[in-house]
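Here is the structure we will look at, set down as structure tokens.
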Amino acid sequence: MKKLMALLVCIAMMAVSLGVLAEETPTLVMATNASFPPYEYYDGDTIVGIDAEIAAAVCEKMGYALQIDDMEFDSIIAAVSSGKADFAMAGMTVTEERKQMVDFSDSYATGIQAVVVKEDSPITTVDDLFAEGANYTVGVQISTTGDIYTTSDIEEAGLGTVQRFPNGNEAVMALMSGKIDCVVIDNEPAKAYVAANEGLKVLETEYAVEDYAACFAKDSELTAQFNAALAELTEDGTIQSIIDKYINTGDAAEATDGEAAAE
């Protein structure tokens, strides 16, 4: 009987110990907009992609578990600033305007803003959007840098109209149906959308080149920790291997194809 009691006590102590260990692994909440392949998109019910994997690797290095919350892109900075999310990764470009509201990590990837058009489009280079007398309707994802650039360069300059969509997929569908003339979006999602939708192409000329980074609330202690972990993972090749995995395998095009078919 005494041996049985001793065994039960040991089991109870082990259970308590395991529970304490579990509680000691804190969770960081990452805000994203999961309609931006190959950086973040759904594979079934799971958010995957470059940002999702880099975030998981960095959080593990920092000693945290990761929770990813999907939301509209234009809600992300507010979520981080208010504490609803601990940080955000969403193919987010570092801009002076955003730096007024949040702090950014070191850059982990370089993005290119590209232009998607129909194969028979009269728009053959980016310069056509800025030509005298131009009057095109440009589709963008709301609050992205594509929105910021085209609002200034095209809409405010009187060279056309900017139509804003909740996500890139809806913008591409509007292009396919002839409601808009082109879509300005990051180059990797652009290539994925073109691969998934016959009759589209990406212009060879770039609209803009930009740096991607994670964002944090102003003066967050997590920024320095994130940068330290990111530097280690960059040095050992982990970050580049994640980027290469998604950009080279075509997984994002397959994901976008499924997304478009569901519309």
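The chains in the structure tokens are called A, B, ... from first to last as shown; in each chain the residues are counted from 1, and the ligands are counted from 1 in the order shown.
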
>> Residues within 6 Å of Thr223 of chain A, please, as JSON, numbers by chain. Count only C-alpha atoms; anything in the same chain fewer than 3 positions from it doesn't count.
In response: {"A": [105, 220, 226]}

Give me a file of those residues, with C-alpha atoms, as a CSV table (one decimal), in the first residue's frame.
chain,number,residue,atom,x,y,z
A,105,SER,CA,12.7,44.7,-37.0
A,220,SER,CA,8.6,47.0,-27.4
A,226,PHE,CA,13.5,39.3,-32.5

Return as CSV the residues of segment 112-165 of chain A lying at most 7 Å from segment 195-218 of chain A, together with the closest atom-to-atom pair for each and the distance in Å to one decimal, counting only C-alpha atoms, with rows in chain order and ascending residue number.
residue,atom,partner,partner_atom,distance
A:Ile112,CA,A:Val209,CA,4.5
A:Gln113,CA,A:Ala208,CA,5.0
A:Ala114,CA,A:Glu206,CA,5.4
A:Val115,CA,A:Leu203,CA,5.6
A:Val116,CA,A:Val202,CA,4.6
A:Val117,CA,A:Lys201,CA,5.7
A:Lys118,CA,A:Leu200,CA,4.4
A:Glu119,CA,A:Leu200,CA,5.2
A:Thr124,CA,A:Leu203,CA,6.6
A:Thr125,CA,A:Thr205,CA,6.0
A:Val126,CA,A:Thr205,CA,6.0

Those selected residues, please, written with N, CA and C atoms and delivered as a tab-separated table (two decimals), in the first residue's frame.
chain	number	residue	atom	x	y	z
A	112	ILE	N	9.56	43.25	-54.42
A	112	ILE	CA	9.43	44.09	-55.61
A	112	ILE	C	7.95	44.27	-55.89
A	113	GLN	N	7.52	45.51	-56.03
A	113	GLN	CA	6.17	45.78	-56.46
A	113	GLN	C	6.10	45.62	-57.98
A	114	ALA	N	5.23	44.72	-58.44
A	114	ALA	CA	5.11	44.41	-59.85
A	114	ALA	C	3.74	44.80	-60.37
A	115	VAL	N	3.60	44.78	-61.70
A	115	VAL	CA	2.33	45.12	-62.33
A	115	VAL	C	1.83	43.90	-63.11
A	116	VAL	N	0.61	43.47	-62.81
A	116	VAL	CA	-0.02	42.35	-63.51
A	116	VAL	C	-1.04	42.91	-64.49
A	117	VAL	N	-0.99	42.44	-65.73
A	117	VAL	CA	-1.93	42.88	-66.77
A	117	VAL	C	-2.41	41.67	-67.56
A	118	LYS	N	-3.44	41.88	-68.38
A	118	LYS	CA	-3.83	40.85	-69.34
A	118	LYS	C	-2.78	40.78	-70.44
A	119	GLU	N	-2.65	39.62	-71.08
A	119	GLU	CA	-1.60	39.43	-72.08
A	119	GLU	C	-1.74	40.37	-73.27
A	124	THR	N	2.36	48.00	-71.51
A	124	THR	CA	3.48	47.10	-71.78
A	124	THR	C	4.68	47.33	-70.87
A	125	THR	N	4.76	48.50	-70.27
A	125	THR	CA	5.81	48.82	-69.29
A	125	THR	C	5.19	49.67	-68.19
A	126	VAL	N	5.88	49.78	-67.07
A	126	VAL	CA	5.39	50.62	-65.97
A	126	VAL	C	5.25	52.07	-66.43

> Tell me, which residues of segment 150-216 of chain A carry DSSP strand (DSSP E), written as a list in words?
Replying inline: Gly160, Thr161, Val162, Gln163, Arg164, Phe165, Cys182, Val183, Val184, Ile185, Asp186, Leu200, Lys201, Val202, Ala208, Val209, Glu210, Asp211, Tyr212, Cys215 and Phe216 of chain A

Can you spit out the residues from that selection as a short mmCIF file (atom, residue, chain, number, x, y, z; two decimals), in the first residue's frame, using C-alpha atoms?
data_model
loop_
_atom_site.label_atom_id
_atom_site.label_comp_id
_atom_site.auth_asym_id
_atom_site.auth_seq_id
_atom_site.Cartn_x
_atom_site.Cartn_y
_atom_site.Cartn_z
CA GLY A 160 -6.02 57.32 -63.52
CA THR A 161 -8.07 55.74 -60.75
CA VAL A 162 -7.04 53.41 -57.94
CA GLN A 163 -9.56 50.72 -56.98
CA ARG A 164 -8.91 49.12 -53.59
CA PHE A 165 -9.72 45.51 -52.67
CA CYS A 182 -3.91 46.20 -64.03
CA VAL A 183 -2.95 45.16 -60.51
CA VAL A 184 0.05 46.49 -58.56
CA ILE A 185 1.18 43.90 -56.03
CA ASP A 186 4.31 42.20 -54.69
CA LEU A 200 -2.28 37.22 -67.41
CA LYS A 201 1.35 38.31 -67.32
CA VAL A 202 3.72 40.28 -65.09
CA ALA A 208 9.27 49.70 -56.83
CA VAL A 209 11.79 47.78 -54.67
CA GLU A 210 11.25 47.58 -50.91
CA ASP A 211 12.36 45.87 -47.68
CA TYR A 212 10.10 43.58 -45.64
CA CYS A 215 6.57 45.32 -36.86
CA PHE A 216 6.15 45.82 -33.11
#

>> Write out as number ranges by chain the set of residues from segment 41-231 of chain A that DSSP, computed on the backbone, places in alpha helix (DSSP H).
In response: A: 50-62, 76-82, 96-99, 145-150, 168-176, 187-196, 222-231

Could you write out that same residue set with C-alpha atoms as an mmCIF file, in the first residue's frame?
data_model
loop_
_atom_site.group_PDB
_atom_site.id
_atom_site.type_symbol
_atom_site.label_atom_id
_atom_site.label_comp_id
_atom_site.auth_asym_id
_atom_site.auth_seq_id
_atom_site.Cartn_x
_atom_site.Cartn_y
_atom_site.Cartn_z
ATOM 1 C CA ILE A 50 7.505 32.447 -45.784
ATOM 2 C CA ASP A 51 6.384 34.770 -42.986
ATOM 3 C CA ALA A 52 4.677 31.979 -41.049
ATOM 4 C CA GLU A 53 7.782 29.767 -41.108
ATOM 5 C CA ILE A 54 10.241 32.559 -40.370
ATOM 6 C CA ALA A 55 8.061 33.703 -37.457
ATOM 7 C CA ALA A 56 7.890 30.166 -36.084
ATOM 8 C CA ALA A 57 11.660 29.742 -36.337
ATOM 9 C CA VAL A 58 12.375 33.114 -34.712
ATOM 10 C CA CYS A 59 9.854 32.535 -31.916
ATOM 11 C CA GLU A 60 11.332 29.116 -31.184
ATOM 12 C CA LYS A 61 14.792 30.658 -31.014
ATOM 13 C CA MET A 62 13.424 33.303 -28.611
ATOM 14 C CA ILE A 76 -2.713 44.974 -38.551
ATOM 15 C CA ILE A 77 -0.878 48.066 -37.305
ATOM 16 C CA ALA A 78 -3.763 48.945 -35.003
ATOM 17 C CA ALA A 79 -3.725 45.397 -33.601
ATOM 18 C CA VAL A 80 -0.007 45.647 -32.843
ATOM 19 C CA SER A 81 -0.194 49.168 -31.427
ATOM 20 C CA SER A 82 -3.106 48.269 -29.130
ATOM 21 C CA GLU A 96 8.447 56.412 -42.999
ATOM 22 C CA GLU A 97 4.711 56.774 -42.392
ATOM 23 C CA ARG A 98 4.453 53.358 -40.722
ATOM 24 C CA LYS A 99 7.571 54.060 -38.632
ATOM 25 C CA THR A 145 2.455 49.914 -50.378
ATOM 26 C CA GLY A 146 0.918 49.250 -53.784
ATOM 27 C CA ASP A 147 -2.010 51.347 -52.578
ATOM 28 C CA ILE A 148 0.307 54.025 -51.173
ATOM 29 C CA TYR A 149 2.462 54.274 -54.306
ATOM 30 C CA THR A 150 -0.360 54.312 -56.853
ATOM 31 C CA GLY A 168 -4.936 40.517 -53.935
ATOM 32 C CA ASN A 169 -7.133 37.675 -55.133
ATOM 33 C CA GLU A 170 -10.165 39.942 -55.488
ATOM 34 C CA ALA A 171 -8.073 42.487 -57.379
ATOM 35 C CA VAL A 172 -6.894 39.805 -59.816
ATOM 36 C CA MET A 173 -10.442 38.546 -60.321
ATOM 37 C CA ALA A 174 -11.492 42.124 -61.161
ATOM 38 C CA LEU A 175 -8.666 42.277 -63.710
ATOM 39 C CA MET A 176 -9.758 38.972 -65.234
ATOM 40 C CA ASN A 187 6.242 40.273 -57.341
ATOM 41 C CA GLU A 188 5.984 36.814 -55.758
ATOM 42 C CA PRO A 189 2.194 36.863 -55.296
ATOM 43 C CA ALA A 190 2.015 38.414 -58.788
ATOM 44 C CA LYS A 191 3.817 35.419 -60.285
ATOM 45 C CA ALA A 192 1.605 33.039 -58.318
ATOM 46 C CA TYR A 193 -1.587 34.703 -59.551
ATOM 47 C CA VAL A 194 -0.345 34.656 -63.158
ATOM 48 C CA ALA A 195 0.522 30.962 -62.889
ATOM 49 C CA ALA A 196 -2.954 30.240 -61.564
ATOM 50 C CA LEU A 222 10.522 42.145 -28.267
ATOM 51 C CA THR A 223 12.108 44.058 -31.147
ATOM 52 C CA ALA A 224 15.692 43.591 -29.959
ATOM 53 C CA GLN A 225 15.040 39.942 -29.044
ATOM 54 C CA PHE A 226 13.512 39.316 -32.466
ATOM 55 C CA ASN A 227 16.469 40.963 -34.226
ATOM 56 C CA ALA A 228 18.980 38.861 -32.281
ATOM 57 C CA ALA A 229 17.186 35.618 -33.143
ATOM 58 C CA LEU A 230 16.708 36.729 -36.758
ATOM 59 C CA ALA A 231 20.446 37.454 -37.076
#

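Here atom CA of Phe87 of chain A is placed at a distance of 6.7 Å from atom CA of Val29 of chain A.
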